[in-house]
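Structure below is run06.cif: mmCIF, C-alpha atoms and all ligand atoms; chains and numbers go by the auth columns.
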```cif
data_query
loop_
_atom_site.group_PDB
_atom_site.id
_atom_site.type_symbol
_atom_site.label_atom_id
_atom_site.label_comp_id
_atom_site.label_asym_id
_atom_site.label_seq_id
_atom_site.Cartn_x
_atom_site.Cartn_y
_atom_site.Cartn_z
_atom_site.B_iso_or_equiv
_atom_site.auth_seq_id
_atom_site.auth_asym_id
ATOM 1 C CA MET A 1 61.831 63.665 -154.893 0.00 1 A
ATOM 2 C CA THR A 2 62.409 59.895 -154.923 0.00 2 A
ATOM 3 C CA THR A 3 63.349 57.905 -151.817 0.00 3 A
ATOM 4 C CA THR A 4 66.924 57.665 -153.075 0.00 4 A
ATOM 5 C CA GLU A 5 67.074 61.420 -153.577 0.00 5 A
ATOM 6 C CA HIS A 6 65.667 61.977 -150.078 0.00 6 A
ATOM 7 C CA GLN A 7 68.369 59.669 -148.666 0.00 7 A
ATOM 8 C CA ALA A 8 71.100 61.426 -150.655 0.00 8 A
ATOM 9 C CA ALA A 9 69.906 64.837 -149.434 0.00 9 A
ATOM 10 C CA ALA A 10 69.877 63.590 -145.830 0.00 10 A
ATOM 11 C CA VAL A 11 73.451 62.278 -146.167 0.00 11 A
ATOM 12 C CA ASP A 12 74.624 65.494 -147.836 0.00 12 A
ATOM 13 C CA THR A 13 73.516 67.655 -144.931 0.00 13 A
ATOM 14 C CA GLU A 14 74.668 65.385 -142.105 0.00 14 A
ATOM 15 C CA THR A 15 76.856 67.253 -139.644 0.00 15 A
ATOM 16 C CA ARG A 16 79.183 66.509 -136.748 0.00 16 A
ATOM 17 C CA THR A 17 80.793 68.705 -134.146 0.00 17 A
ATOM 18 C CA ILE A 18 84.540 68.196 -134.094 0.00 18 A
ATOM 19 C CA THR A 19 87.259 69.407 -131.745 0.00 19 A
ATOM 20 C CA LEU A 20 90.872 69.445 -132.815 0.00 20 A
ATOM 21 C CA ARG A 21 94.010 71.448 -132.201 0.00 21 A
ATOM 22 C CA VAL A 22 95.052 73.760 -135.013 0.00 22 A
ATOM 23 C CA ASN A 23 98.247 75.785 -134.926 0.00 23 A
ATOM 24 C CA GLY A 24 98.450 75.524 -131.156 0.00 24 A
ATOM 25 C CA ARG A 25 94.880 76.343 -130.243 0.00 25 A
ATOM 26 C CA ASP A 26 91.845 74.191 -129.619 0.00 26 A
ATOM 27 C CA VAL A 27 89.103 74.600 -132.187 0.00 27 A
ATOM 28 C CA SER A 28 85.548 73.299 -132.104 0.00 28 A
ATOM 29 C CA ARG A 29 83.208 73.555 -135.102 0.00 29 A
ATOM 30 C CA THR A 30 80.160 71.864 -136.546 0.00 30 A
ATOM 31 C CA VAL A 31 80.925 70.648 -140.061 0.00 31 A
ATOM 32 C CA GLU A 32 79.180 68.699 -142.776 0.00 32 A
ATOM 33 C CA THR A 33 80.518 65.153 -142.805 0.00 33 A
ATOM 34 C CA ARG A 34 81.421 65.504 -146.497 0.00 34 A
ATOM 35 C CA THR A 35 83.666 68.554 -145.909 0.00 35 A
ATOM 36 C CA THR A 36 87.296 67.885 -146.700 0.00 36 A
ATOM 37 C CA LEU A 37 89.985 68.880 -144.236 0.00 37 A
ATOM 38 C CA ALA A 38 91.378 71.280 -146.851 0.00 38 A
ATOM 39 C CA ASP A 39 88.052 73.076 -147.261 0.00 39 A
ATOM 40 C CA PHE A 40 87.552 73.158 -143.482 0.00 40 A
ATOM 41 C CA LEU A 41 90.953 74.769 -142.917 0.00 41 A
ATOM 42 C CA ARG A 42 90.489 77.290 -145.718 0.00 42 A
ATOM 43 C CA ASP A 43 86.817 78.141 -145.434 0.00 43 A
ATOM 44 C CA ASP A 44 86.023 77.674 -141.740 0.00 44 A
ATOM 45 C CA LEU A 45 89.356 78.698 -140.202 0.00 45 A
ATOM 46 C CA ASP A 46 90.585 81.102 -142.912 0.00 46 A
ATOM 47 C CA LEU A 47 93.944 79.299 -143.186 0.00 47 A
ATOM 48 C CA VAL A 48 94.409 80.128 -146.844 0.00 48 A
ATOM 49 C CA SER A 49 98.025 78.951 -146.982 0.00 49 A
ATOM 50 C CA VAL A 50 96.436 75.547 -147.611 0.00 50 A
ATOM 51 C CA HIS A 51 96.379 75.555 -151.401 0.00 51 A
ATOM 52 C CA LEU A 52 94.248 73.381 -153.622 0.00 52 A
ATOM 53 C CA GLY A 53 95.428 72.171 -157.004 0.00 53 A
ATOM 54 C CA CYS A 54 94.214 68.810 -158.256 0.00 54 A
ATOM 55 C CA GLU A 55 91.905 68.028 -155.300 0.00 55 A
ATOM 56 C CA HIS A 56 92.460 64.307 -155.786 0.00 56 A
ATOM 57 C CA GLY A 57 95.755 63.507 -154.141 0.00 57 A
ATOM 58 C CA VAL A 58 98.236 64.022 -156.967 0.00 58 A
ATOM 59 C CA CYS A 59 99.896 67.444 -156.674 0.00 59 A
ATOM 60 C CA GLY A 60 100.549 67.595 -152.914 0.00 60 A
ATOM 61 C CA CYS A 61 100.096 71.352 -152.651 0.00 61 A
ATOM 62 C CA CYS A 62 97.368 70.879 -150.008 0.00 62 A
ATOM 63 C CA THR A 63 99.911 69.216 -147.670 0.00 63 A
ATOM 64 C CA ILE A 64 99.593 70.018 -143.971 0.00 64 A
ATOM 65 C CA LEU A 65 101.072 68.363 -140.878 0.00 65 A
ATOM 66 C CA LEU A 66 98.805 66.050 -138.910 0.00 66 A
ATOM 67 C CA ASP A 67 100.401 65.044 -135.613 0.00 67 A
ATOM 68 C CA GLY A 68 103.720 66.095 -137.168 0.00 68 A
ATOM 69 C CA GLU A 69 103.361 64.042 -140.352 0.00 69 A
ATOM 70 C CA SER A 70 102.565 65.420 -143.768 0.00 70 A
ATOM 71 C CA VAL A 71 99.203 64.493 -145.236 0.00 71 A
ATOM 72 C CA ARG A 72 97.210 65.635 -148.241 0.00 72 A
ATOM 73 C CA SER A 73 94.333 67.567 -146.754 0.00 73 A
ATOM 74 C CA CYS A 74 92.207 67.197 -149.895 0.00 74 A
ATOM 75 C CA LEU A 75 92.057 63.449 -149.279 0.00 75 A
ATOM 76 C CA MET A 76 90.904 63.651 -145.658 0.00 76 A
ATOM 77 C CA LEU A 77 87.561 64.605 -144.274 0.00 77 A
ATOM 78 C CA ALA A 78 87.476 67.233 -141.562 0.00 78 A
ATOM 79 C CA VAL A 79 85.699 64.781 -139.259 0.00 79 A
ATOM 80 C CA GLN A 80 88.662 62.402 -139.559 0.00 80 A
ATOM 81 C CA ALA A 81 90.905 65.058 -138.007 0.00 81 A
ATOM 82 C CA ARG A 82 88.854 65.108 -134.812 0.00 82 A
ATOM 83 C CA GLY A 83 91.151 64.935 -131.790 0.00 83 A
ATOM 84 C CA HIS A 84 94.304 65.433 -133.856 0.00 84 A
ATOM 85 C CA GLU A 85 96.835 68.243 -134.041 0.00 85 A
ATOM 86 C CA ILE A 86 97.153 70.200 -137.280 0.00 86 A
ATOM 87 C CA GLU A 87 99.926 72.570 -138.359 0.00 87 A
ATOM 88 C CA THR A 88 99.790 74.912 -141.318 0.00 88 A
ATOM 89 C CA VAL A 89 102.355 77.465 -142.406 0.00 89 A
ATOM 90 C CA GLU A 90 100.516 80.088 -140.366 0.00 90 A
ATOM 91 C CA SER A 91 101.839 78.340 -137.237 0.00 91 A
ATOM 92 C CA LEU A 92 105.492 78.895 -138.052 0.00 92 A
ATOM 93 C CA SER A 93 105.926 82.520 -137.045 0.00 93 A
ATOM 94 C CA ALA A 94 104.443 83.620 -133.756 0.00 94 A
ATOM 95 C CA ASP A 95 105.499 87.142 -134.727 0.00 95 A
ATOM 96 C CA GLN A 96 103.754 88.190 -137.954 0.00 96 A
ATOM 97 C CA ASN A 97 106.728 90.415 -138.792 0.00 97 A
ATOM 98 C CA ALA A 98 109.392 87.728 -138.408 0.00 98 A
ATOM 99 C CA LEU A 99 110.022 84.753 -140.640 0.00 99 A
ATOM 100 C CA HIS A 100 110.683 81.245 -139.396 0.00 100 A
ATOM 101 C CA PRO A 101 114.222 80.056 -140.320 0.00 101 A
ATOM 102 C CA ILE A 102 112.743 77.760 -142.980 0.00 102 A
ATOM 103 C CA GLN A 103 110.878 80.676 -144.541 0.00 103 A
ATOM 104 C CA GLU A 104 114.077 82.748 -144.386 0.00 104 A
ATOM 105 C CA ALA A 105 115.928 79.953 -146.160 0.00 105 A
ATOM 106 C CA PHE A 106 113.337 79.798 -148.950 0.00 106 A
ATOM 107 C CA ALA A 107 113.621 83.555 -149.410 0.00 107 A
ATOM 108 C CA GLU A 108 117.442 83.526 -149.369 0.00 108 A
ATOM 109 C CA GLU A 109 117.701 80.665 -151.877 0.00 109 A
ATOM 110 C CA GLN A 110 114.823 81.878 -154.055 0.00 110 A
ATOM 111 C CA GLY A 111 113.102 78.583 -153.351 0.00 111 A
ATOM 112 C CA LEU A 112 109.845 79.815 -154.789 0.00 112 A
ATOM 113 C CA GLN A 113 108.617 81.317 -158.012 0.00 113 A
ATOM 114 C CA CYS A 114 104.813 81.583 -158.053 0.00 114 A
ATOM 115 C CA GLY A 115 104.698 80.326 -154.469 0.00 115 A
ATOM 116 C CA PHE A 116 101.760 77.999 -155.021 0.00 116 A
ATOM 117 C CA CYS A 117 103.582 74.883 -153.810 0.00 117 A
ATOM 118 C CA THR A 118 105.568 76.767 -151.175 0.00 118 A
ATOM 119 C CA PRO A 119 103.437 76.251 -148.033 0.00 119 A
ATOM 120 C CA ALA A 120 103.434 72.511 -148.680 0.00 120 A
ATOM 121 C CA MET A 121 107.174 72.516 -149.415 0.00 121 A
ATOM 122 C CA VAL A 122 107.917 74.491 -146.241 0.00 122 A
ATOM 123 C CA LEU A 123 105.901 72.113 -144.054 0.00 123 A
ATOM 124 C CA ARG A 124 107.437 69.056 -145.692 0.00 124 A
ATOM 125 C CA CYS A 125 110.860 70.651 -145.184 0.00 125 A
ATOM 126 C CA LYS A 126 110.104 71.093 -141.466 0.00 126 A
ATOM 127 C CA GLU A 127 109.073 67.459 -141.182 0.00 127 A
ATOM 128 C CA ILE A 128 112.086 65.977 -142.973 0.00 128 A
ATOM 129 C CA ILE A 129 114.573 68.125 -141.055 0.00 129 A
ATOM 130 C CA GLU A 130 112.961 67.017 -137.788 0.00 130 A
ATOM 131 C CA ASP A 131 113.161 63.416 -139.004 0.00 131 A
ATOM 132 C CA GLY A 132 116.830 63.788 -140.011 0.00 132 A
ATOM 133 C CA LYS A 133 116.015 63.111 -143.685 0.00 133 A
ATOM 134 C CA ALA A 134 117.574 66.201 -145.249 0.00 134 A
ATOM 135 C CA ARG A 135 121.202 65.057 -145.253 0.00 135 A
ATOM 136 C CA THR A 136 121.935 65.102 -148.978 0.00 136 A
ATOM 137 C CA ASP A 137 120.472 66.702 -152.095 0.00 137 A
ATOM 138 C CA ASP A 138 119.357 63.296 -153.333 0.00 138 A
ATOM 139 C CA GLU A 139 117.628 62.558 -150.048 0.00 139 A
ATOM 140 C CA VAL A 140 115.839 65.920 -150.108 0.00 140 A
ATOM 141 C CA ARG A 141 114.764 65.363 -153.722 0.00 141 A
ATOM 142 C CA HIS A 142 113.325 62.000 -152.785 0.00 142 A
ATOM 143 C CA GLU A 143 111.522 63.354 -149.708 0.00 143 A
ATOM 144 C CA ILE A 144 109.889 66.297 -151.513 0.00 144 A
ATOM 145 C CA SER A 145 108.975 64.277 -154.593 0.00 145 A
ATOM 146 C CA GLY A 146 105.341 64.008 -153.511 0.00 146 A
ATOM 147 C CA ILE A 147 104.816 67.732 -153.978 0.00 147 A
ATOM 148 C CA LEU A 148 104.741 69.063 -157.517 0.00 148 A
ATOM 149 C CA CYS A 149 106.223 72.464 -158.257 0.00 149 A
ATOM 150 C CA ARG A 150 104.690 73.650 -161.505 0.00 150 A
ATOM 151 C CA CYS A 151 107.407 76.296 -161.846 0.00 151 A
ATOM 152 C CA THR A 152 110.038 73.522 -161.721 0.00 152 A
ATOM 153 C CA GLY A 153 112.159 75.422 -159.231 0.00 153 A
ATOM 154 C CA TYR A 154 113.366 72.232 -157.631 0.00 154 A
ATOM 155 C CA GLN A 155 117.089 73.030 -157.424 0.00 155 A
ATOM 156 C CA ASN A 156 116.431 76.214 -155.466 0.00 156 A
ATOM 157 C CA ILE A 157 113.956 74.388 -153.248 0.00 157 A
ATOM 158 C CA VAL A 158 116.576 71.723 -152.503 0.00 158 A
ATOM 159 C CA ASN A 159 119.084 74.488 -151.739 0.00 159 A
ATOM 160 C CA ALA A 160 116.520 76.119 -149.423 0.00 160 A
ATOM 161 C CA VAL A 161 115.930 72.870 -147.539 0.00 161 A
ATOM 162 C CA GLN A 162 119.668 72.393 -147.064 0.00 162 A
ATOM 163 C CA ASN A 163 120.035 76.019 -145.940 0.00 163 A
ATOM 164 C CA ALA A 164 117.144 75.587 -143.485 0.00 164 A
ATOM 165 C CA SER A 165 118.667 72.375 -142.197 0.00 165 A
ATOM 166 C CA ARG A 166 121.938 74.194 -141.450 0.00 166 A
ATOM 167 C CA LYS A 167 120.100 77.058 -139.733 0.00 167 A
ATOM 168 C CA LEU A 168 118.209 74.587 -137.573 0.00 168 A
ATOM 169 C CA GLY A 169 121.153 72.380 -136.759 0.00 169 A
ATOM 170 C CA GLY A 170 119.875 69.305 -138.553 0.00 170 A
ATOM 171 C CA LYS A 171 117.098 67.839 -136.430 0.00 171 A
ATOM 172 C CA GLU A 172 116.020 70.926 -134.497 0.00 172 A
ATOM 173 C CA ALA A 173 113.313 72.218 -136.834 0.00 173 A
ATOM 174 C CA GLY A 174 110.858 73.542 -134.264 0.00 174 A
ATOM 175 C CA ALA A 175 110.024 77.245 -134.312 0.00 175 A
HETATM 176 S S1 LIG B . 95.086 69.421 -153.981 0.00 201 B
HETATM 177 FE FE1 LIG B . 95.505 67.777 -152.635 0.00 201 B
HETATM 178 S S2 LIG B . 96.951 66.561 -153.689 0.00 201 B
HETATM 179 FE FE2 LIG B . 96.433 68.116 -155.122 0.00 201 B
HETATM 180 S S1 LIG B . 106.901 77.910 -157.029 0.00 202 B
HETATM 181 FE FE1 LIG B . 105.277 77.788 -158.447 0.00 202 B
HETATM 182 S S2 LIG B . 104.460 75.819 -158.134 0.00 202 B
HETATM 183 FE FE2 LIG B . 106.276 75.835 -157.001 0.00 202 B
#
```
In structure tokens, write the structure found in this file.
Ligand code: FES
Ligand code: FES
Amino acid sequence: MTTTEHQAAAVDTETRTITLRVNGRDVSRTVETRTTLADFLRDDLDLVSVHLGCEHGVCGCCTILLDGESVRSCLMLAVQARGHEIETVESLSADQNALHPIQEAFAEEQGLQCGFCTPAMVLRCKEIIEDGKARTDDEVRHEISGILCRCTGYQNIVNAVQNASRKLGGKEAGA
């Protein structure tokens, strides 16, 4: 093995211990520094609602909330989330047998077809309702435009966001 290869191998296996808050509980794990936040959430914490499509920041289906703001978890390293608060769809219903009002709205409006984009859409919906940015169909369309729905079910998704907004009284999107 050449010196460069030795250095590359050393970098590849470098680890850090990180502590962060995920879905309301403190989590501490040792991770490789190259591990993406998406892979960490899926593989280390078994939060498989975090879906991976393009893995380079285009499709948005890996969207999670970081300190209440949507981010693409395929573009972040797990070590960059140290000390932050993460929410995934798994956080929405404390009771496994009850849906959050946003999830109810998606079901009522048929705001999903294959469901692959749905966790990202639901989290983005939560964020924009909390931010008061779900007032009109056009505004919702603009705010969800960073998440691609391959099934092209956008009208029903917009209807679901509006339905959820009514259920939650506009800005009150917390569970
Ligand atoms: S998987 Fe992250 S943006 Fe596509
Ligand atoms: S419901 Fe299939 S990708 Fe959106």
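If all atoms listed in the file are the atoms counted, then among A:Gly57, A:Ile64, A:Cys74, A:Met121 the closest residue to Phe106 (chain A) is A:Met121.
The coordinates place CA of His100 (chain A) at 10.2 Å from CA of Leu168 (chain A).
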Each region 10-109 of chain A residue no farther than 6 Å from region 142-159 of chain A, nearest pair in Å, only C-alpha atoms, as a Markdown table:
```
| residue | atom | partner | partner_atom | distance |
| --- | --- | --- | --- | --- |
| A:Cys59 | CA | A:Leu148 | CA | 5.2 |
| A:Gly60 | CA | A:Ile147 | CA | 4.4 |
| A:Glu109 | CA | A:Asn156 | CA | 5.9 |
```
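Of note, CA of Ala120 (chain A) and CA of Thr63 (chain A) are spaced 4.9 Å apart.
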*Applied to the shown file, which residues does the PyMOL selection byres (((chain A and resi 65) around 9) and not hetatm) return, written as a PyMOL selection string?*
chain A and resi 63-64+66-73+85-88+123-124+127
Tell me, as a PDB file with C-alpha atoms, in the coordinates of the input, which residues lie within 12 Å of Ala78 (chain A), counting only C-alpha atoms; anything in the same chain fewer than 4 positions away does not count.
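Result file part.pdb:
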```pdb
ATOM      1  CA  THR A  15      76.856  67.253-139.644  1.00  0.00           C
ATOM      2  CA  ARG A  16      79.183  66.509-136.748  1.00  0.00           C
ATOM      3  CA  THR A  17      80.793  68.705-134.146  1.00  0.00           C
ATOM      4  CA  ILE A  18      84.540  68.196-134.094  1.00  0.00           C
ATOM      5  CA  THR A  19      87.259  69.407-131.745  1.00  0.00           C
ATOM      6  CA  LEU A  20      90.872  69.445-132.815  1.00  0.00           C
ATOM      7  CA  VAL A  22      95.052  73.760-135.013  1.00  0.00           C
ATOM      8  CA  SER A  28      85.548  73.299-132.104  1.00  0.00           C
ATOM      9  CA  ARG A  29      83.208  73.555-135.102  1.00  0.00           C
ATOM     10  CA  THR A  30      80.160  71.864-136.546  1.00  0.00           C
ATOM     11  CA  VAL A  31      80.925  70.648-140.061  1.00  0.00           C
ATOM     12  CA  GLU A  32      79.180  68.699-142.776  1.00  0.00           C
ATOM     13  CA  THR A  33      80.518  65.153-142.805  1.00  0.00           C
ATOM     14  CA  ARG A  34      81.421  65.504-146.497  1.00  0.00           C
ATOM     15  CA  THR A  35      83.666  68.554-145.909  1.00  0.00           C
ATOM     16  CA  THR A  36      87.296  67.885-146.700  1.00  0.00           C
ATOM     17  CA  LEU A  37      89.985  68.880-144.236  1.00  0.00           C
ATOM     18  CA  ALA A  38      91.378  71.280-146.851  1.00  0.00           C
ATOM     19  CA  ASP A  39      88.052  73.076-147.261  1.00  0.00           C
ATOM     20  CA  PHE A  40      87.552  73.158-143.482  1.00  0.00           C
ATOM     21  CA  LEU A  41      90.953  74.769-142.917  1.00  0.00           C
ATOM     22  CA  ARG A  42      90.489  77.290-145.718  1.00  0.00           C
ATOM     23  CA  ASP A  43      86.817  78.141-145.434  1.00  0.00           C
ATOM     24  CA  ASP A  44      86.023  77.674-141.740  1.00  0.00           C
ATOM     25  CA  LEU A  45      89.356  78.698-140.202  1.00  0.00           C
ATOM     26  CA  LEU A  66      98.805  66.050-138.910  1.00  0.00           C
ATOM     27  CA  ARG A  72      97.210  65.635-148.241  1.00  0.00           C
ATOM     28  CA  SER A  73      94.333  67.567-146.754  1.00  0.00           C
ATOM     29  CA  CYS A  74      92.207  67.197-149.895  1.00  0.00           C
ATOM     30  CA  ARG A  82      88.854  65.108-134.812  1.00  0.00           C
ATOM     31  CA  GLY A  83      91.151  64.935-131.790  1.00  0.00           C
ATOM     32  CA  HIS A  84      94.304  65.433-133.856  1.00  0.00           C
ATOM     33  CA  ILE A  86      97.153  70.200-137.280  1.00  0.00           C
TER      34      ILE A  86
END
```
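Reported to one decimal place, the separation of CA of Glu90 (chain A) from CA of Val48 (chain A) is 8.9 Å.
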*Once you count only C-alpha atoms and all ligand atoms, which residues end up within 6 Å of ligand LIG 202 (chain B), and could you hand them over as an MDAnalysis selection string?*
chainID A and resid 112:118 149:151
